[in-house]
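Colleague: Below is the file data14.cif, with mmCIF, C-alpha atoms.
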```
data_data
#
loop_
_atom_site.label_atom_id
_atom_site.label_comp_id
_atom_site.auth_asym_id
_atom_site.auth_seq_id
_atom_site.Cartn_x
_atom_site.Cartn_y
_atom_site.Cartn_z
CA MET A 1 80.49 130.48 107.11
CA SER A 2 83.46 130.16 104.76
CA VAL A 3 86.99 131.12 105.62
CA ARG A 4 88.61 133.30 102.97
CA THR A 5 92.29 133.66 102.17
CA ASP A 6 91.63 136.52 99.78
CA SER A 7 88.52 138.23 98.47
CA SER A 8 87.92 135.73 95.66
CA ALA A 9 88.26 132.11 96.75
CA PRO A 10 87.11 130.32 99.90
CA HIS A 11 89.74 128.30 101.77
CA ARG A 12 89.31 124.56 101.33
CA ALA A 13 90.52 121.68 103.46
CA GLY A 14 89.81 118.00 103.51
CA PHE A 15 90.97 114.43 103.15
CA ALA A 16 92.06 112.55 100.07
CA CYS A 17 93.18 108.97 99.81
CA PHE A 18 95.01 107.11 97.09
CA VAL A 19 93.87 103.60 96.35
CA GLY A 20 95.19 100.99 93.99
CA ARG A 21 96.48 97.48 94.05
CA PRO A 22 99.70 96.88 95.98
CA ASN A 23 102.69 98.62 94.40
CA ALA A 24 100.66 100.99 92.20
CA GLY A 25 102.77 103.95 93.38
CA LYS A 26 100.52 105.30 96.15
CA SER A 27 103.13 105.95 98.84
CA THR A 28 105.62 107.44 96.38
CA LEU A 29 102.92 109.84 95.19
CA THR A 30 102.06 110.83 98.78
CA ASN A 31 105.72 111.60 99.46
CA ALA A 32 106.08 113.63 96.25
CA LEU A 33 103.03 115.76 97.09
CA VAL A 34 104.04 116.38 100.68
CA GLY A 35 107.68 116.85 99.72
CA THR A 36 109.00 114.81 102.66
CA LYS A 37 109.31 111.12 103.24
CA VAL A 38 106.26 110.20 105.31
CA ALA A 39 104.80 106.98 103.94
CA ILE A 40 107.22 104.10 103.61
CA THR A 41 108.02 103.10 100.05
CA SER A 42 109.49 99.81 98.99
CA ASN A 43 109.44 97.86 95.79
CA ARG A 44 107.84 95.01 97.68
CA PRO A 45 104.03 95.09 97.58
CA GLN A 46 101.97 95.61 100.75
CA THR A 47 104.38 97.55 102.89
CA THR A 48 102.07 100.33 104.13
CA ARG A 49 100.02 99.10 107.05
CA HIS A 50 99.19 102.18 109.03
CA THR A 51 97.10 105.04 107.81
CA VAL A 52 99.90 107.53 107.27
CA ARG A 53 98.63 111.02 106.66
CA GLY A 54 100.74 113.45 104.71
CA ILE A 55 99.65 117.08 104.77
CA VAL A 56 99.99 119.41 101.79
CA HIS A 57 99.89 123.05 102.90
CA ARG A 58 98.89 125.70 100.37
CA PRO A 59 97.84 129.33 100.90
CA GLU A 60 94.32 128.58 99.63
CA ALA A 61 93.90 125.01 100.83
CA GLN A 62 95.06 122.15 102.98
CA LEU A 63 95.04 118.67 101.58
CA VAL A 64 95.36 115.82 104.06
CA LEU A 65 96.48 112.59 102.40
CA VAL A 66 95.43 109.34 103.97
CA ASP A 67 97.51 106.46 102.70
CA THR A 68 95.65 103.16 102.88
CA PRO A 69 97.15 99.71 102.47
CA GLY A 70 96.70 98.17 99.03
CA LEU A 71 93.38 96.40 98.70
CA HIS A 72 93.75 92.74 97.77
CA LYS A 73 91.84 89.49 98.08
CA PRO A 74 92.48 88.49 101.70
CA ARG A 75 94.43 85.28 102.38
CA THR A 76 95.03 85.75 106.10
CA LEU A 77 93.42 87.43 109.08
CA LEU A 78 95.87 90.32 108.62
CA GLY A 79 94.69 90.62 105.01
CA GLU A 80 91.07 90.87 106.14
CA ARG A 81 91.91 93.55 108.70
CA LEU A 82 93.74 95.53 106.00
CA ASN A 83 90.73 95.42 103.70
CA ASP A 84 88.41 96.61 106.48
CA VAL A 85 90.74 99.55 107.10
CA VAL A 86 90.58 100.41 103.39
CA ARG A 87 86.79 100.44 103.14
CA THR A 88 86.30 102.51 106.29
CA THR A 89 88.83 105.02 105.00
CA TRP A 90 87.11 105.34 101.62
CA ALA A 91 83.81 106.14 103.24
CA GLU A 92 85.35 108.95 105.30
CA VAL A 93 87.39 110.93 102.78
CA ASP A 94 86.41 113.85 100.52
CA VAL A 95 88.10 112.60 97.37
CA ILE A 96 89.59 109.29 96.20
CA GLY A 97 92.54 109.01 93.80
CA PHE A 98 92.63 105.63 92.05
CA CYS A 99 96.25 104.84 91.08
CA LEU A 100 96.93 102.68 88.03
CA PRO A 101 100.51 102.19 86.84
CA ALA A 102 101.10 103.26 83.22
CA ASP A 103 103.39 100.32 82.52
CA GLN A 104 100.86 97.56 83.29
CA LYS A 105 97.59 96.79 81.53
CA ILE A 106 94.45 97.00 83.66
CA GLY A 107 94.21 93.62 85.39
CA PRO A 108 91.79 91.70 87.63
CA GLY A 109 93.24 93.42 90.73
CA ASP A 110 92.41 96.86 89.31
CA ARG A 111 88.91 95.70 88.32
CA TYR A 112 88.33 94.32 91.82
CA ILE A 113 89.12 97.75 93.32
CA ALA A 114 87.20 99.69 90.66
CA THR A 115 84.12 97.55 91.34
CA GLU A 116 84.43 98.34 95.05
CA LEU A 117 84.84 102.04 94.20
CA ALA A 118 81.72 102.01 92.05
CA GLY A 119 79.78 101.11 95.19
CA ILE A 120 80.89 104.31 96.95
CA LYS A 121 78.64 106.77 95.19
CA LYS A 122 79.05 110.11 96.92
CA THR A 123 82.84 110.51 96.96
CA PRO A 124 84.41 112.14 93.85
CA LYS A 125 87.07 109.95 92.20
CA ILE A 126 90.14 110.91 90.19
CA ALA A 127 91.94 108.28 88.11
CA ILE A 128 95.71 108.77 88.40
CA VAL A 129 98.03 107.07 85.91
CA THR A 130 101.31 106.63 87.81
CA LYS A 131 104.85 105.76 86.69
CA THR A 132 104.44 107.57 83.34
CA ASP A 133 108.23 107.90 83.18
CA LEU A 134 108.34 104.18 82.33
CA VAL A 135 106.29 104.28 79.09
CA ASP A 136 106.11 106.02 75.70
CA SER A 137 103.25 108.34 74.74
CA LYS A 138 101.42 105.68 72.71
CA THR A 139 101.24 103.27 75.65
CA LEU A 140 100.16 106.12 77.92
CA ALA A 141 97.36 107.15 75.53
CA ALA A 142 96.11 103.55 75.39
CA GLN A 143 96.06 103.37 79.19
CA LEU A 144 94.09 106.64 79.47
CA ILE A 145 91.49 105.31 77.02
CA ALA A 146 91.29 101.98 78.89
CA ILE A 147 90.64 103.79 82.19
CA ASP A 148 87.95 105.93 80.62
CA GLN A 149 86.30 102.71 79.32
CA LEU A 150 86.58 101.01 82.71
CA GLY A 151 84.72 103.93 84.30
CA LYS A 152 81.94 103.78 81.69
CA GLU A 153 81.61 100.02 82.13
CA LEU A 154 81.21 100.21 85.91
CA GLY A 155 79.26 103.44 86.07
CA ILE A 156 82.06 105.47 87.67
CA GLU A 157 82.25 109.08 86.61
CA TRP A 158 85.90 110.12 86.89
CA ALA A 159 86.19 113.74 88.03
CA GLU A 160 89.56 113.75 86.20
CA ILE A 161 92.01 111.33 84.61
CA VAL A 162 95.58 112.53 85.25
CA PRO A 163 98.95 111.07 84.20
CA VAL A 164 101.76 111.66 86.72
CA SER A 165 105.29 110.55 87.47
CA ALA A 166 106.13 111.07 91.13
CA VAL A 167 109.72 110.03 90.48
CA GLY A 168 110.21 112.51 87.65
CA ASP A 169 108.03 115.05 89.52
CA ALA A 170 105.88 115.41 86.39
CA GLN A 171 102.37 116.79 86.93
CA VAL A 172 102.52 116.32 90.72
CA SER A 173 101.53 119.91 91.52
CA LEU A 174 98.88 119.75 88.77
CA LEU A 175 97.41 116.77 90.61
CA ALA A 176 97.20 118.87 93.79
CA ASP A 177 95.50 121.66 91.77
CA LEU A 178 92.86 119.17 90.64
CA LEU A 179 92.31 117.62 94.08
CA VAL A 180 91.85 120.95 95.90
CA PRO A 181 88.55 122.07 94.24
CA LEU A 182 86.99 118.75 95.24
CA LEU A 183 87.54 119.50 98.94
CA PRO A 184 84.89 121.18 101.10
CA GLU A 185 85.21 124.82 102.19
CA SER A 186 86.88 124.72 105.58
CA PRO A 187 89.60 126.37 107.65
CA ALA A 188 92.91 124.48 107.93
CA LEU A 189 92.54 121.23 109.87
CA TYR A 190 96.17 121.01 111.02
CA PRO A 191 98.70 123.64 112.10
CA GLU A 192 101.12 124.80 109.40
CA GLY A 193 104.36 122.86 109.66
CA ASP A 194 102.66 119.55 110.47
CA LEU A 195 103.53 117.01 107.79
CA THR A 196 101.83 114.01 109.30
CA ASP A 197 99.80 113.20 112.39
CA GLU A 198 101.12 109.65 112.76
CA PRO A 199 102.65 109.15 116.21
CA GLU A 200 106.44 109.36 115.90
CA GLN A 201 106.95 105.87 117.28
CA VAL A 202 104.86 104.35 114.50
CA MET A 203 106.79 106.26 111.85
CA VAL A 204 110.11 105.21 113.36
CA ALA A 205 108.94 101.56 113.36
CA GLU A 206 107.95 101.90 109.69
CA LEU A 207 111.38 103.31 108.74
CA ILE A 208 113.10 100.38 110.48
CA ARG A 209 110.76 97.96 108.76
CA GLU A 210 111.47 99.52 105.38
CA ALA A 211 115.22 99.12 105.89
CA ALA A 212 114.72 95.52 107.06
CA LEU A 213 112.70 94.68 103.94
CA GLU A 214 115.39 95.81 101.55
CA GLY A 215 117.40 92.93 100.19
CA VAL A 216 115.16 90.23 101.67
CA ARG A 217 113.81 89.19 98.31
CA ASP A 218 112.81 85.62 99.09
CA GLU A 219 110.79 86.24 102.23
CA LEU A 220 107.27 87.61 102.31
CA PRO A 221 107.28 91.26 103.38
CA HIS A 222 104.44 90.46 105.77
CA SER A 223 106.62 88.25 107.92
CA ILE A 224 108.36 91.33 109.37
CA ALA A 225 106.76 93.56 112.01
CA VAL A 226 108.58 96.21 114.03
CA VAL A 227 107.61 97.47 117.46
CA VAL A 228 109.40 100.44 119.04
CA GLU A 229 109.50 99.53 122.72
CA GLU A 230 110.76 102.91 123.94
CA MET A 231 112.17 106.24 122.83
CA LEU A 232 113.92 108.15 125.61
CA PRO A 233 116.28 111.12 125.65
CA ARG A 234 119.66 109.97 127.03
CA GLU A 235 120.18 111.46 130.50
CA ASP A 236 123.22 113.54 131.43
CA ARG A 237 123.71 114.92 127.92
CA PRO A 238 124.61 118.61 127.42
CA ALA A 239 121.69 120.60 125.97
CA ASP A 240 123.51 121.20 122.68
CA LYS A 241 124.32 117.47 122.24
CA PRO A 242 121.09 115.55 122.81
CA LEU A 243 120.86 111.85 122.05
CA LEU A 244 117.68 109.84 121.71
CA ASP A 245 117.80 106.16 122.71
CA ILE A 246 115.44 104.02 120.63
CA HIS A 247 114.89 100.37 121.53
CA ALA A 248 113.04 98.37 118.89
CA ASN A 249 112.18 94.74 118.21
CA VAL A 250 111.98 93.27 114.74
CA TYR A 251 109.49 90.39 114.84
CA ILE A 252 109.55 87.51 112.39
CA GLU A 253 107.32 84.43 112.21
CA ARG A 254 109.80 81.57 112.23
CA PRO A 255 113.21 80.90 113.79
CA SER A 256 114.54 80.05 110.30
CA GLN A 257 113.98 83.68 109.25
CA LYS A 258 116.20 84.98 112.04
CA GLY A 259 119.44 84.25 110.21
CA ILE A 260 118.16 86.01 107.08
CA ILE A 261 117.46 89.25 108.95
CA ILE A 262 120.62 89.15 111.07
CA GLY A 263 122.92 88.03 108.24
CA PRO A 264 126.39 86.47 108.50
CA LYS A 265 128.09 87.74 111.70
CA GLY A 266 125.24 90.22 112.22
CA LYS A 267 126.21 92.18 109.10
CA ARG A 268 122.67 92.59 107.71
CA LEU A 269 121.11 93.74 110.96
CA LYS A 270 123.93 96.27 111.33
CA GLU A 271 123.16 97.62 107.84
CA VAL A 272 119.46 97.85 108.71
CA GLY A 273 120.42 99.86 111.80
CA VAL A 274 122.72 102.24 109.94
CA LYS A 275 120.25 102.81 107.12
CA SER A 276 117.16 103.34 109.25
CA ARG A 277 119.03 105.48 111.77
CA LYS A 278 119.85 107.99 109.02
CA HIS A 279 116.17 108.31 108.07
CA ILE A 280 115.03 108.46 111.72
CA GLU A 281 117.51 111.24 112.51
CA ALA A 282 116.26 113.18 109.48
CA LEU A 283 112.66 112.66 110.60
CA LEU A 284 113.16 113.62 114.25
CA GLY A 285 115.95 116.16 113.75
CA THR A 286 118.08 114.72 116.54
CA PRO A 287 120.97 112.22 116.84
CA VAL A 288 119.76 108.73 117.65
CA PHE A 289 121.19 105.62 119.29
CA LEU A 290 119.30 102.66 117.83
CA ASP A 291 119.18 99.34 119.66
CA LEU A 292 117.66 96.59 117.46
CA HIS A 293 116.72 93.04 118.47
CA VAL A 294 115.23 90.28 116.33
CA LYS A 295 112.53 88.16 117.97
CA VAL A 296 110.32 85.32 116.82
CA ALA A 297 106.54 85.76 117.24
CA LYS A 298 105.25 82.46 115.94
CA ASP A 299 102.76 82.80 113.04
CA TRP A 300 101.80 86.30 114.17
CA GLN A 301 99.80 87.04 111.02
CA ARG A 302 97.23 84.40 111.87
CA ASP A 303 96.98 84.93 115.61
CA PRO A 304 94.55 87.64 116.84
CA LYS A 305 96.40 88.03 120.19
CA GLN A 306 99.77 88.60 118.48
CA LEU A 307 98.20 90.95 115.90
CA ARG A 308 96.85 93.10 118.74
CA LYS A 309 100.18 93.11 120.49
CA LEU A 310 101.93 94.21 117.29
CA GLY A 311 99.47 97.04 116.82
CA PHE A 312 96.95 95.71 114.29
#
```
Starting from the coordinates I provided, produce the structure as structure tokens.
Modeller:
Amino acid sequence: MSVRTDSSAPHRAGFACFVGRPNAGKSTLTNALVGTKVAITSNRPQTTRHTVRGIVHRPEAQLVLVDTPGLHKPRTLLGERLNDVVRTTWAEVDVIGFCLPADQKIGPGDRYIATELAGIKKTPKIAIVTKTDLVDSKTLAAQLIAIDQLGKELGIEWAEIVPVSAVGDAQVSLLADLLVPLLPESPALYPEGDLTDEPEQVMVAELIREAALEGVRDELPHSIAVVVEEMLPREDRPADKPLLDIHANVYIERPSQKGIIIGPKGKRLKEVGVKSRKHIEALLGTPVFLDLHVKVAKDWQRDPKQLRKLGF
């Protein structure tokens, strides 16, 4: 039985995921489509670790976006876990959007992913050229042709090839128009008003991690993990002046990294707190008291016990 919003078209709902090598613009695109900051974005590669789902509500459809980590050749145990997450996700979604930045020629990383995609036969695939605001029309045309060729070479039939700029908001709603018909007929999967089904604590941890990554250019982004230990409403507050206490630990791998995160006289950590608190308050809609501590978890990326403890 199909659910109808009007007499002509059946209501559709389903899952889409964006794939692409690290930093291809996947999270930014998710945020632009949903219209709210849900996935963390950073100009450091490999910052999304959790499957963040953004939900696009339309009268005729509901598109649930699953944001997977960038797929890359694994160097550590964490890398292998990330790649497993990616493949499982691909097999479970209704449509895959393959993101390729307009300002970079197709490279070995893109080929690696495209070859993996070619092995997933049933799922429709859209090629999305991101960051079109960074190139002229000639470069863009060349990229579109190259993507078409890549598909032919590997036996991938692109359902569409779409240029977008999430930053300039160009073509973003067109992209949604093209994704929707590829979804199955179905009633809405989530209540209206839901933007993501990630647990709040995970999203709060991601916002803190994003703020902590900014400005730490020399360190690997992977050497930071954030765990929110507790989120509790402050007792004895008047109803019209609630305050949420959030206690979080920022974990790094080596004692030498501690000074980098904390900064001279604690200045950096304070900035991280101020910056992330603003985003957390916007996300949760309530004033927040944020208590941040930096701890060393030795070589956590290579240690299965630590990885489990930190939520991987």
Colleague: In Å, with one decimal, what is the gap from CA of Glu157 (chain A) to CA of Ala142 (chain A)?
Modeller: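 Going from CA of Glu157 (chain A) over to CA of Ala142 (chain A), I get 18.7 Å.
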Colleague: Using only C-alpha atoms, find the one residue out of A:Gly14, A:Gly273, A:Gly109, A:Gly259 that sits nearest to His247 (chain A).
Modeller: A:Gly273
Colleague: Residues within 8 Å of Phe15 (chain A), please, as a ChimeraX atom specification. Count all atoms listed in the file; anything in the same chain fewer than 5 positions from it doesn't count.
Modeller: /A:63-66,93-95,183
Colleague: I'd like the residues picked by the PyMOL selection byres ((chain A and resi 258) around 12) written out as a PyMOL selection string, using the chain letters and numbers from the file.
Modeller: chain A and resi 212+216+219+223-224+250-257+259-264+266+268-269+293-298
Colleague: Interatomic distance between CA of Asn249 (chain A) and CA of Val86 (chain A)?
Modeller: 26.8 Å
Colleague: What gap, in Å, lies between CA of Leu100 (chain A) and CA of Ala114 (chain A)?
Modeller: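 About the pair CA of Leu100 (chain A) and CA of Ala114 (chain A): they are 10.5 Å apart.
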Colleague: Every residue with an atom at most 9 Å from (101.3, 89.9, 117.9) (file coordinates; all atoms listed in the file) is what I'm after, so could you write them as a PyMOL selection string?
Modeller: chain A and resi 225+251+297-301+303-312
